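Everything below belongs to coords.pdb, which stores PDB, C-alpha atoms.
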ATOM      1  CA  MET A   1      99.204 106.665  61.364  1.00  0.00           C
ATOM      2  CA  PHE A   2     101.252 103.653  60.295  1.00  0.00           C
ATOM      3  CA  ARG A   3     100.816 100.718  57.958  1.00  0.00           C
ATOM      4  CA  GLU A   4     101.427  97.572  59.981  1.00  0.00           C
ATOM      5  CA  THR A   5     102.889  94.389  58.465  1.00  0.00           C
ATOM      6  CA  ILE A   6     102.992  91.349  60.755  1.00  0.00           C
ATOM      7  CA  THR A   7     104.991  88.245  59.845  1.00  0.00           C
ATOM      8  CA  HIS A   8     103.557  85.167  61.574  1.00  0.00           C
ATOM      9  CA  SER A   9     103.257  81.398  61.176  1.00  0.00           C
ATOM     10  CA  HIS A  10     100.654  81.694  58.416  1.00  0.00           C
ATOM     11  CA  GLY A  11     102.468  84.329  56.341  1.00  0.00           C
ATOM     12  CA  THR A  12     101.908  88.061  56.647  1.00  0.00           C
ATOM     13  CA  SER A  13      99.028  90.309  57.621  1.00  0.00           C
ATOM     14  CA  GLU A  14      98.519  93.952  56.683  1.00  0.00           C
ATOM     15  CA  GLY A  15      96.699  96.583  58.657  1.00  0.00           C
ATOM     16  CA  THR A  16      96.939 100.059  60.121  1.00  0.00           C
ATOM     17  CA  ALA A  17      98.214 101.252  63.484  1.00  0.00           C
ATOM     18  CA  SER A  18      97.552 104.553  65.210  1.00  0.00           C
ATOM     19  CA  GLU A  19     100.368 106.440  66.891  1.00  0.00           C
ATOM     20  CA  SER A  20      99.237 105.195  70.306  1.00  0.00           C
ATOM     21  CA  HIS A  21      99.041 101.580  69.136  1.00  0.00           C
ATOM     22  CA  ALA A  22     102.495 101.770  67.521  1.00  0.00           C
ATOM     23  CA  LEU A  23     103.916 103.140  70.768  1.00  0.00           C
ATOM     24  CA  LEU A  24     102.195 100.365  72.718  1.00  0.00           C
ATOM     25  CA  LEU A  25     103.748  97.729  70.438  1.00  0.00           C
ATOM     26  CA  MET A  26     107.228  99.166  70.871  1.00  0.00           C
ATOM     27  CA  ARG A  27     106.960  99.530  74.648  1.00  0.00           C
ATOM     28  CA  ARG A  28     105.733  95.953  74.942  1.00  0.00           C
ATOM     29  CA  ALA A  29     108.603  94.794  72.729  1.00  0.00           C
ATOM     30  CA  ALA A  30     111.121  96.662  74.891  1.00  0.00           C
ATOM     31  CA  ARG A  31     109.773  95.021  78.058  1.00  0.00           C
ATOM     32  CA  ARG A  32     110.038  91.568  76.472  1.00  0.00           C
ATOM     33  CA  GLY A  33     113.544  92.140  75.171  1.00  0.00           C
ATOM     34  CA  TYR A  34     112.547  92.002  71.495  1.00  0.00           C
ATOM     35  CA  GLY A  35     114.662  93.748  68.888  1.00  0.00           C
ATOM     36  CA  ILE A  36     113.485  97.248  67.907  1.00  0.00           C
ATOM     37  CA  GLU A  37     115.046  99.365  65.194  1.00  0.00           C
ATOM     38  CA  ALA A  38     114.003 102.811  63.949  1.00  0.00           C
ATOM     39  CA  THR A  39     113.873 103.369  60.195  1.00  0.00           C
ATOM     40  CA  ARG A  40     114.923 106.502  58.343  1.00  0.00           C
ATOM     41  CA  GLU A  41     111.420 106.926  56.969  1.00  0.00           C
ATOM     42  CA  GLY A  42     110.128 107.362  60.529  1.00  0.00           C
ATOM     43  CA  GLY A  43     108.905 103.858  61.192  1.00  0.00           C
ATOM     44  CA  ALA A  44     110.148 100.893  63.189  1.00  0.00           C
ATOM     45  CA  VAL A  45     110.869  97.184  62.881  1.00  0.00           C
ATOM     46  CA  ILE A  46     110.218  94.826  65.801  1.00  0.00           C
ATOM     47  CA  THR A  47     111.772  91.351  65.613  1.00  0.00           C
ATOM     48  CA  TRP A  48     111.837  88.305  67.858  1.00  0.00           C
ATOM     49  CA  THR A  49     112.230  84.530  67.746  1.00  0.00           C
ATOM     50  CA  ARG A  50     110.262  81.747  69.363  1.00  0.00           C
ATOM     51  CA  ARG A  51     110.267  77.972  69.515  1.00  0.00           C
ATOM     52  CA  GLN A  52     107.869  76.291  67.144  1.00  0.00           C
ATOM     53  CA  LEU A  53     105.466  73.918  68.843  1.00  0.00           C
ATOM     54  CA  GLY A  54     106.153  70.320  67.996  1.00  0.00           C
ATOM     55  CA  THR A  55     109.508  70.677  66.239  1.00  0.00           C
ATOM     56  CA  GLY A  56     111.181  73.046  68.704  1.00  0.00           C
ATOM     57  CA  ALA A  57     112.756  74.917  65.784  1.00  0.00           C
ATOM     58  CA  LEU A  58     113.459  78.614  66.116  1.00  0.00           C
ATOM     59  CA  VAL A  59     111.143  80.737  63.983  1.00  0.00           C
ATOM     60  CA  HIS A  60     111.474  84.435  63.265  1.00  0.00           C
ATOM     61  CA  ARG A  61     108.622  86.899  63.696  1.00  0.00           C
ATOM     62  CA  SER A  62     108.415  90.616  62.971  1.00  0.00           C
ATOM     63  CA  ILE A  63     106.177  93.669  62.982  1.00  0.00           C
ATOM     64  CA  ARG A  64     107.017  96.467  60.553  1.00  0.00           C
ATOM     65  CA  LEU A  65     105.533  99.914  61.042  1.00  0.00           C
ATOM     66  CA  HIS A  66     105.613 102.089  57.910  1.00  0.00           C
ATOM     67  CA  PRO A  67     104.501 105.722  58.350  1.00  0.00           C
ATOM     68  CA  GLU A  68     101.756 106.767  55.961  1.00  0.00           C
ATOM     69  CA  MET A  69     103.846 109.879  55.302  1.00  0.00           C
ATOM     70  CA  PRO A  70     107.608 109.239  55.538  1.00  0.00           C
ATOM     71  CA  VAL A  71     109.635 111.981  57.200  1.00  0.00           C
ATOM     72  CA  GLY A  72     111.681 112.602  54.045  1.00  0.00           C
ATOM     73  CA  LYS A  73     115.104 114.202  54.100  1.00  0.00           C
ATOM     74  CA  LEU A  74     116.052 115.635  57.479  1.00  0.00           C
ATOM     75  CA  THR A  75     118.323 118.559  56.754  1.00  0.00           C
ATOM     76  CA  ASP A  76     120.348 120.238  59.489  1.00  0.00           C
ATOM     77  CA  ALA A  77     117.817 123.078  59.563  1.00  0.00           C
ATOM     78  CA  VAL A  78     114.852 120.712  59.976  1.00  0.00           C
ATOM     79  CA  VAL A  79     116.648 118.737  62.687  1.00  0.00           C
ATOM     80  CA  ARG A  80     117.482 121.984  64.497  1.00  0.00           C
ATOM     81  CA  ASP A  81     113.839 123.118  64.415  1.00  0.00           C
ATOM     82  CA  LEU A  82     112.515 119.754  65.592  1.00  0.00           C
ATOM     83  CA  ARG A  83     115.040 119.630  68.429  1.00  0.00           C
ATOM     84  CA  ALA A  84     114.043 123.147  69.468  1.00  0.00           C
ATOM     85  CA  ILE A  85     110.388 122.118  69.663  1.00  0.00           C
ATOM     86  CA  ASP A  86     111.210 118.973  71.597  1.00  0.00           C
ATOM     87  CA  ASP A  87     113.505 120.743  74.057  1.00  0.00           C
ATOM     88  CA  ALA A  88     111.257 123.723  74.723  1.00  0.00           C
ATOM     89  CA  ARG A  89     109.115 123.825  77.850  1.00  0.00           C
ATOM     90  CA  SER A  90     106.389 125.361  75.757  1.00  0.00           C
ATOM     91  CA  ALA A  91     105.841 125.309  72.010  1.00  0.00           C
ATOM     92  CA  GLU A  92     102.693 126.722  70.468  1.00  0.00           C
ATOM     93  CA  TYR A  93     101.257 128.119  67.274  1.00  0.00           C
ATOM     94  CA  VAL A  94     100.954 131.898  67.102  1.00  0.00           C
ATOM     95  CA  MET A  95     100.419 134.419  64.321  1.00  0.00           C
ATOM     96  CA  ASN A  96     103.308 136.682  63.365  1.00  0.00           C
ATOM     97  CA  ASP A  97     103.058 140.351  62.392  1.00  0.00           C
ATOM     98  CA  HIS A  98     102.232 139.366  58.789  1.00  0.00           C
ATOM     99  CA  GLY A  99      99.348 137.144  59.811  1.00  0.00           C
ATOM    100  CA  ARG A 100     101.211 133.907  59.149  1.00  0.00           C
ATOM    101  CA  ARG A 101     101.339 130.920  61.484  1.00  0.00           C
ATOM    102  CA  ILE A 102     104.635 130.277  63.253  1.00  0.00           C
ATOM    103  CA  ILE A 103     105.723 128.050  66.136  1.00  0.00           C
ATOM    104  CA  ARG A 104     106.894 129.890  69.217  1.00  0.00           C
ATOM    105  CA  VAL A 105     109.427 127.888  71.237  1.00  0.00           C
ATOM    106  CA  GLY A 106     110.139 129.581  74.537  1.00  0.00           C
ATOM    107  CA  LEU A 107     111.638 132.965  73.705  1.00  0.00           C
ATOM    108  CA  GLY A 108     112.434 131.947  70.126  1.00  0.00           C
ATOM    109  CA  GLU A 109     110.376 131.137  67.078  1.00  0.00           C
ATOM    110  CA  ILE A 110     110.387 128.997  63.960  1.00  0.00           C
ATOM    111  CA  SER A 111     109.823 130.871  60.714  1.00  0.00           C
ATOM    112  CA  ALA A 112     106.493 130.740  58.920  1.00  0.00           C
ATOM    113  CA  MET A 113     108.023 128.882  55.967  1.00  0.00           C
ATOM    114  CA  ALA A 114     109.674 126.261  58.191  1.00  0.00           C
ATOM    115  CA  THR A 115     106.493 125.925  60.266  1.00  0.00           C
ATOM    116  CA  ALA A 116     104.408 125.307  57.154  1.00  0.00           C
ATOM    117  CA  ALA A 117     106.913 122.727  55.887  1.00  0.00           C
ATOM    118  CA  ILE A 118     107.084 120.622  59.034  1.00  0.00           C
ATOM    119  CA  ARG A 119     103.301 120.785  59.446  1.00  0.00           C
ATOM    120  CA  ALA A 120     102.811 119.605  55.859  1.00  0.00           C
ATOM    121  CA  ARG A 121     105.194 116.709  56.482  1.00  0.00           C
ATOM    122  CA  ARG A 122     103.248 115.785  59.663  1.00  0.00           C
ATOM    123  CA  LEU A 123     106.338 116.059  61.815  1.00  0.00           C
ATOM    124  CA  VAL A 124     104.411 117.984  64.480  1.00  0.00           C
ATOM    125  CA  THR A 125     100.930 117.914  65.902  1.00  0.00           C
ATOM    126  CA  ASP A 126      98.867 120.217  68.098  1.00  0.00           C
ATOM    127  CA  GLN A 127      97.887 118.553  71.360  1.00  0.00           C
ATOM    128  CA  GLY A 128      95.639 120.751  73.493  1.00  0.00           C
ATOM    129  CA  GLY A 129      97.387 123.937  72.345  1.00  0.00           C
ATOM    130  CA  ARG A 130     100.872 122.425  72.786  1.00  0.00           C
ATOM    131  CA  VAL A 131     102.895 121.681  69.671  1.00  0.00           C
ATOM    132  CA  ARG A 132     104.791 118.401  69.959  1.00  0.00           C
ATOM    133  CA  LEU A 133     106.710 116.076  67.676  1.00  0.00           C
ATOM    134  CA  THR A 134     104.871 113.109  66.230  1.00  0.00           C
ATOM    135  CA  LEU A 135     106.144 109.593  66.878  1.00  0.00           C
ATOM    136  CA  THR A 136     107.140 109.442  63.218  1.00  0.00           C
ATOM    137  CA  ALA A 137     109.325 112.529  63.623  1.00  0.00           C
ATOM    138  CA  ARG A 138     110.961 111.115  66.751  1.00  0.00           C
ATOM    139  CA  LEU A 139     111.740 107.796  65.070  1.00  0.00           C
ATOM    140  CA  GLY A 140     113.109 109.600  62.021  1.00  0.00           C
ATOM    141  CA  LEU A 141     115.353 111.733  64.238  1.00  0.00           C
ATOM    142  CA  LEU A 142     116.586 108.615  66.038  1.00  0.00           C
ATOM    143  CA  ALA A 143     117.508 106.889  62.780  1.00  0.00           C
ATOM    144  CA  HIS A 144     119.135 110.103  61.530  1.00  0.00           C
ATOM    145  CA  ALA A 145     121.300 110.326  64.653  1.00  0.00           C
ATOM    146  CA  HIS A 146     122.467 106.711  64.383  1.00  0.00           C
ATOM    147  CA  ARG A 147     123.802 105.925  60.903  1.00  0.00           C
ATOM    148  CA  THR A 148     126.072 102.893  60.971  1.00  0.00           C
ATOM    149  CA  VAL A 149     128.872 101.943  58.579  1.00  0.00           C
ATOM    150  CA  THR A 150     130.970  98.783  58.257  1.00  0.00           C
ATOM    151  CA  THR A 151     134.332  98.757  56.488  1.00  0.00           C
ATOM    152  CA  GLU A 152     135.372  96.533  53.622  1.00  0.00           C
ATOM    153  CA  PRO A 153     137.866  93.887  54.846  1.00  0.00           C
ATOM    154  CA  GLN A 154     141.399  94.617  53.688  1.00  0.00           C
ATOM    155  CA  GLY A 155     141.940  91.138  52.263  1.00  0.00           C
ATOM    156  CA  TRP A 156     145.498  90.178  51.401  1.00  0.00           C
ATOM    157  CA  ALA A 157     148.121  92.549  52.837  1.00  0.00           C
ATOM    158  CA  ARG A 158     151.602  92.580  54.310  1.00  0.00           C
ATOM    159  CA  PRO A 159     151.608  92.165  58.113  1.00  0.00           C
ATOM    160  CA  ALA A 160     153.279  95.548  58.671  1.00  0.00           C
ATOM    161  CA  ASP A 161     150.519  97.296  56.681  1.00  0.00           C
ATOM    162  CA  ILE A 162     147.848  96.127  59.102  1.00  0.00           C
ATOM    163  CA  GLY A 163     149.828  96.566  62.320  1.00  0.00           C
ATOM    164  CA  ARG A 164     150.957  92.972  62.663  1.00  0.00           C
ATOM    165  CA  ALA A 165     154.666  93.268  61.942  1.00  0.00           C
ATOM    166  CA  SER A 166     155.509  90.414  64.323  1.00  0.00           C
ATOM    167  CA  VAL A 167     153.490  87.916  62.265  1.00  0.00           C
ATOM    168  CA  THR A 168     155.454  85.727  59.877  1.00  0.00           C
ATOM    169  CA  ALA A 169     153.659  85.153  56.599  1.00  0.00           C
ATOM    170  CA  GLY A 170     154.271  82.298  54.177  1.00  0.00           C
ATOM    171  CA  LEU A 171     156.807  82.992  51.454  1.00  0.00           C
ATOM    172  CA  ASN A 172     155.538  80.491  48.891  1.00  0.00           C
ATOM    173  CA  ARG A 173     151.961  81.606  48.425  1.00  0.00           C
ATOM    174  CA  PRO A 174     150.897  81.811  44.751  1.00  0.00           C
ATOM    175  CA  GLY A 175     149.318  84.762  43.010  1.00  0.00           C
ATOM    176  CA  ARG A 176     151.885  87.305  44.250  1.00  0.00           C
ATOM    177  CA  ARG A 177     150.794  86.689  47.846  1.00  0.00           C
ATOM    178  CA  ALA A 178     154.227  85.695  49.156  1.00  0.00           C
ATOM    179  CA  GLY A 179     154.864  87.268  52.558  1.00  0.00           C
ATOM    180  CA  MET A 180     151.225  88.334  52.886  1.00  0.00           C
ATOM    181  CA  ILE A 181     148.342  87.384  55.179  1.00  0.00           C
ATOM    182  CA  ARG A 182     144.619  87.658  54.641  1.00  0.00           C
ATOM    183  CA  SER A 183     142.620  89.976  56.912  1.00  0.00           C
ATOM    184  CA  SER A 184     138.832  89.569  56.944  1.00  0.00           C
ATOM    185  CA  ALA A 185     138.316  91.979  59.851  1.00  0.00           C
ATOM    186  CA  SER A 186     135.753  94.759  59.536  1.00  0.00           C
ATOM    187  CA  THR A 187     135.008  97.778  61.707  1.00  0.00           C
ATOM    188  CA  ALA A 188     131.513  98.937  62.684  1.00  0.00           C
ATOM    189  CA  THR A 189     131.006 102.598  63.541  1.00  0.00           C
ATOM    190  CA  CYS A 190     128.013 104.857  64.161  1.00  0.00           C
ATOM    191  CA  SER A 191     127.559 108.548  63.475  1.00  0.00           C
ATOM    192  CA  CYS A 192     126.646 109.029  67.157  1.00  0.00           C
ATOM    193  CA  GLY A 193     130.243 108.233  68.128  1.00  0.00           C
ATOM    194  CA  GLN A 194     129.184 105.562  70.630  1.00  0.00           C
ATOM    195  CA  LEU A 195     130.064 102.581  68.439  1.00  0.00           C
ATOM    196  CA  HIS A 196     133.530 101.619  67.270  1.00  0.00           C
ATOM    197  CA  ALA A 197     133.697  97.842  67.249  1.00  0.00           C
ATOM    198  CA  PHE A 198     135.721  95.217  65.383  1.00  0.00           C
ATOM    199  CA  GLY A 199     134.301  92.080  63.854  1.00  0.00           C
ATOM    200  CA  GLY A 200     136.208  89.053  62.616  1.00  0.00           C
ATOM    201  CA  ASN A 201     134.470  89.558  59.278  1.00  0.00           C
ATOM    202  CA  ARG A 202     131.996  91.994  57.779  1.00  0.00           C
ATOM    203  CA  ASP A 203     128.972  89.913  58.732  1.00  0.00           C
ATOM    204  CA  GLU A 204     130.101  90.059  62.349  1.00  0.00           C
ATOM    205  CA  ALA A 205     130.626  93.828  62.086  1.00  0.00           C
ATOM    206  CA  ARG A 206     127.128  94.212  60.633  1.00  0.00           C
ATOM    207  CA  ARG A 207     125.732  92.184  63.524  1.00  0.00           C
ATOM    208  CA  LEU A 208     127.454  94.497  66.018  1.00  0.00           C
ATOM    209  CA  ALA A 209     126.060  97.552  64.212  1.00  0.00           C
ATOM    210  CA  HIS A 210     122.592  95.993  64.225  1.00  0.00           C
ATOM    211  CA  LEU A 211     122.796  95.302  67.966  1.00  0.00           C
ATOM    212  CA  HIS A 212     123.831  98.906  68.573  1.00  0.00           C
ATOM    213  CA  LEU A 213     120.796 100.200  66.671  1.00  0.00           C
ATOM    214  CA  GLN A 214     118.531  97.899  68.665  1.00  0.00           C
ATOM    215  CA  ASP A 215     120.072  99.038  71.952  1.00  0.00           C
ATOM    216  CA  VAL A 216     119.542 102.731  71.206  1.00  0.00           C
ATOM    217  CA  ALA A 217     115.984 102.084  70.002  1.00  0.00           C
ATOM    218  CA  ALA A 218     115.127 100.194  73.202  1.00  0.00           C
ATOM    219  CA  ALA A 219     116.602 103.030  75.282  1.00  0.00           C
ATOM    220  CA  PHE A 220     114.616 105.537  73.197  1.00  0.00           C
ATOM    221  CA  VAL A 221     111.313 103.740  73.798  1.00  0.00           C
ATOM    222  CA  THR A 222     111.795 103.285  77.541  1.00  0.00           C
ATOM    223  CA  GLY A 223     113.112 106.831  77.932  1.00  0.00           C
ATOM    224  CA  LEU A 224     110.275 108.692  76.209  1.00  0.00           C
ATOM    225  CA  PRO A 225     109.074 111.573  78.394  1.00  0.00           C
ATOM    226  CA  THR A 226     105.911 110.919  80.354  1.00  0.00           C
ATOM    227  CA  ALA A 227     104.328 114.040  78.879  1.00  0.00           C
ATOM    228  CA  PHE A 228     104.783 112.634  75.381  1.00  0.00           C
ATOM    229  CA  THR A 229     103.414 109.178  76.151  1.00  0.00           C
ATOM    230  CA  ASP A 230     100.467 110.675  78.025  1.00  0.00           C
ATOM    231  CA  ALA A 231      99.699 112.913  75.054  1.00  0.00           C
ATOM    232  CA  VAL A 232      99.885 110.024  72.581  1.00  0.00           C
ATOM    233  CA  THR A 233      97.718 107.675  74.590  1.00  0.00           C
ATOM    234  CA  ALA A 234      95.178 110.285  75.625  1.00  0.00           C
TER
END
Take the structure in this file and express it as structure tokens.
Amino acid sequence: MFRETITHSHGTSEGTASESHALLLMRRAARRGYGIEATREGGAVITWTRRQLGTGALVHRSIRLHPEMPVGKLTDAVVRDLRAIDDARSAEYVMNDHGRRIIRVGLGEISAMATAAIRARRLVTDQGGRVRLTLTARLGLLAHAHRTVTTEPQGWARPADIGRASVTAGLNRPGRRAGMIRSSASTATCSCGQLHAFGGNRDEARRLAHLHLQDVAAAFVTGLPTAFTDAVTA
């Protein structure tokens, strides 16, 4: 379940959205080319612009989906367990030799303690005897896998220090800046390794990082397995 915040022409509206409704909103947004971005808490932000009737001005609209229970910190162990559940052809609850509930994933298993923890955090759900990840868990994993960083522009530096030895800098600049040039360039990178882009300034680098996050979120929504979407919408 999600808390839904819609920004529209009359302000904002608050409500709730089920997992199936949240998925419907994101799939519709992907088809229309709207911006979608996963949040680290396991939610999503949908953004778009439209022309205002009468004035023709561009206005910004958004839908924010906040999970009722955020995913919390995703440690390497938790990520490993969630990936194992998602990748397994079959994942189900069984009782171990000590009478405690565990998740069996193929030929392996997730410990009773880890099973109890991810169940308590609502990262998994039981759908007709099949254990699957919730939409919140999937969005949290997506945000965890794509953490972007932009670098601080170097500012004033000597051309040789920034790989521009052929550039001639002014020799009469005040403030001890003689022979120096100003670099406002910033680099945007992502923990996934798929983004390494340069912006003319940090705002541009942030825009490139933002576009990358929207691209991977759109690909995530359109690429969700049929079995998952069928289970959610059932």
Contacts of region 145-153 of chain A at 10 Å (all atoms listed in the file; same-chain gap of 2+ positions) as a ChimeraX atom specification: /A:38,40,79,139-143,155-156,182-210,212-213,216-217
| request: Select all residues near (105.1, 114.1, 62.8) (cut-off 12 Å, inclusive, file coordinates), counting all atoms listed in the file, and output them as a VMD selection string. | output: chain A and resid 1 to 2 19 41 to 43 67 to 72 82 85 to 86 117 to 126 131 to 141 232
Using the selection just defined, write its residues with C-alpha atoms as a compact mmCIF listing (two decimals), in the coordinates of the input.
# COMPACT_ATOMS: atom_id res chain seq x y z
CA MET A 1 99.20 106.66 61.36
CA PHE A 2 101.25 103.65 60.30
CA GLU A 19 100.37 106.44 66.89
CA GLU A 41 111.42 106.93 56.97
CA GLY A 42 110.13 107.36 60.53
CA GLY A 43 108.90 103.86 61.19
CA PRO A 67 104.50 105.72 58.35
CA GLU A 68 101.76 106.77 55.96
CA MET A 69 103.85 109.88 55.30
CA PRO A 70 107.61 109.24 55.54
CA VAL A 71 109.64 111.98 57.20
CA GLY A 72 111.68 112.60 54.04
CA LEU A 82 112.52 119.75 65.59
CA ILE A 85 110.39 122.12 69.66
CA ASP A 86 111.21 118.97 71.60
CA ALA A 117 106.91 122.73 55.89
CA ILE A 118 107.08 120.62 59.03
CA ARG A 119 103.30 120.78 59.45
CA ALA A 120 102.81 119.60 55.86
CA ARG A 121 105.19 116.71 56.48
CA ARG A 122 103.25 115.78 59.66
CA LEU A 123 106.34 116.06 61.82
CA VAL A 124 104.41 117.98 64.48
CA THR A 125 100.93 117.91 65.90
CA ASP A 126 98.87 120.22 68.10
CA VAL A 131 102.90 121.68 69.67
CA ARG A 132 104.79 118.40 69.96
CA LEU A 133 106.71 116.08 67.68
CA THR A 134 104.87 113.11 66.23
CA LEU A 135 106.14 109.59 66.88
CA THR A 136 107.14 109.44 63.22
CA ALA A 137 109.32 112.53 63.62
CA ARG A 138 110.96 111.12 66.75
CA LEU A 139 111.74 107.80 65.07
CA GLY A 140 113.11 109.60 62.02
CA LEU A 141 115.35 111.73 64.24
CA VAL A 232 99.88 110.02 72.58
Check: Can you list what the PyMOL selection byres ((chain A and resi 106) around 7) grabs from this structure, as a list in words?
Finding: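 Output from the PyMOL selection byres ((chain A and resi 106) around 7), applied to this file: Ala88, Arg89, Ser90, Ala91, Arg104, Val105, Leu107 and Gly108 of chain A.
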Of the listed residues A:His144, A:Arg50, A:Arg83, A:Val221, that which approaches Ser9 (chain A) most closely, counting all atoms listed in the file |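 Among the listed residues, A:Arg50 lies closest to Ser9 (chain A).
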Check your understanding: Hey, can you check how far CA of Lys73 (chain A) sits from CA of Ser111 (chain A)?
Key ->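 Interatomic distance, CA of Lys73 (chain A) to CA of Ser111 (chain A): 18.7 Å.
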Any chance you could work out the axis-aligned box around region 100-110 of chain A, listed atoms only, 3 Å on each side, giving centre and edge lengths in Å to one decimal, as JSON?
{"center_x": 106.8, "center_y": 130.9, "center_z": 66.8, "size_x": 17.2, "size_y": 12.0, "size_z": 21.4}
The distance between CA of Asn96 (chain A) and CA of Ala112 (chain A) is 8.1 Å
Excluding Arg101 (chain A) and its own-chain neighbours fewer than 2 positions away, which residues fall within 12 Å of it when counting all atoms listed in the file? Please give them as a PyMOL selection string. chain A and resi 92-99+103-104+109-117+119
Would you save the residues from that selection as a PDB file, keeping the file's coordinate frame, using C-alpha atoms?
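Final output, saved to again25.pdb:
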ATOM      1  CA  GLU A  92     102.693 126.722  70.468  1.00  0.00           C
ATOM      2  CA  TYR A  93     101.257 128.119  67.274  1.00  0.00           C
ATOM      3  CA  VAL A  94     100.954 131.898  67.102  1.00  0.00           C
ATOM      4  CA  MET A  95     100.419 134.419  64.321  1.00  0.00           C
ATOM      5  CA  ASN A  96     103.308 136.682  63.365  1.00  0.00           C
ATOM      6  CA  ASP A  97     103.058 140.351  62.392  1.00  0.00           C
ATOM      7  CA  HIS A  98     102.232 139.366  58.789  1.00  0.00           C
ATOM      8  CA  GLY A  99      99.348 137.144  59.811  1.00  0.00           C
ATOM      9  CA  ILE A 103     105.723 128.050  66.136  1.00  0.00           C
ATOM     10  CA  ARG A 104     106.894 129.890  69.217  1.00  0.00           C
ATOM     11  CA  GLU A 109     110.376 131.137  67.078  1.00  0.00           C
ATOM     12  CA  ILE A 110     110.387 128.997  63.960  1.00  0.00           C
ATOM     13  CA  SER A 111     109.823 130.871  60.714  1.00  0.00           C
ATOM     14  CA  ALA A 112     106.493 130.740  58.920  1.00  0.00           C
ATOM     15  CA  MET A 113     108.023 128.882  55.967  1.00  0.00           C
ATOM     16  CA  ALA A 114     109.674 126.261  58.191  1.00  0.00           C
ATOM     17  CA  THR A 115     106.493 125.925  60.266  1.00  0.00           C
ATOM     18  CA  ALA A 116     104.408 125.307  57.154  1.00  0.00           C
ATOM     19  CA  ALA A 117     106.913 122.727  55.887  1.00  0.00           C
ATOM     20  CA  ARG A 119     103.301 120.785  59.446  1.00  0.00           C
TER      21      ARG A 119
END
Considering all atoms listed in the file, can you say which of A:Thr49, A:Gln127, A:Thr75, A:Gln214 comes closest to Gly35 (chain A)?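 Smallest distance to Gly35 (chain A) is found for A:Gln214.
Note that CA of Thr55 (chain A) and CA of Gly11 (chain A) are 18.3 Å apart.
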Convert the output of the PyMOL selection byres ((chain A and resi 23) around 9) on the shown file into explicit residues, formatted as an NGL selection string. :A and (18-22 or 24-28 or 135 or 221 or 229 or 232-233)
Can you turn the PyMOL selection byres ((chain A and resi 62) around 10) into a concrete residue list for this file, as a list in words?
Thr5, Ile6, Thr7, His8, Thr12, Tyr34, Gly35, Ile36, Val45, Ile46, Thr47, Trp48, Thr49, His60, Arg61, Ile63, Arg64 and Leu65 of chain A
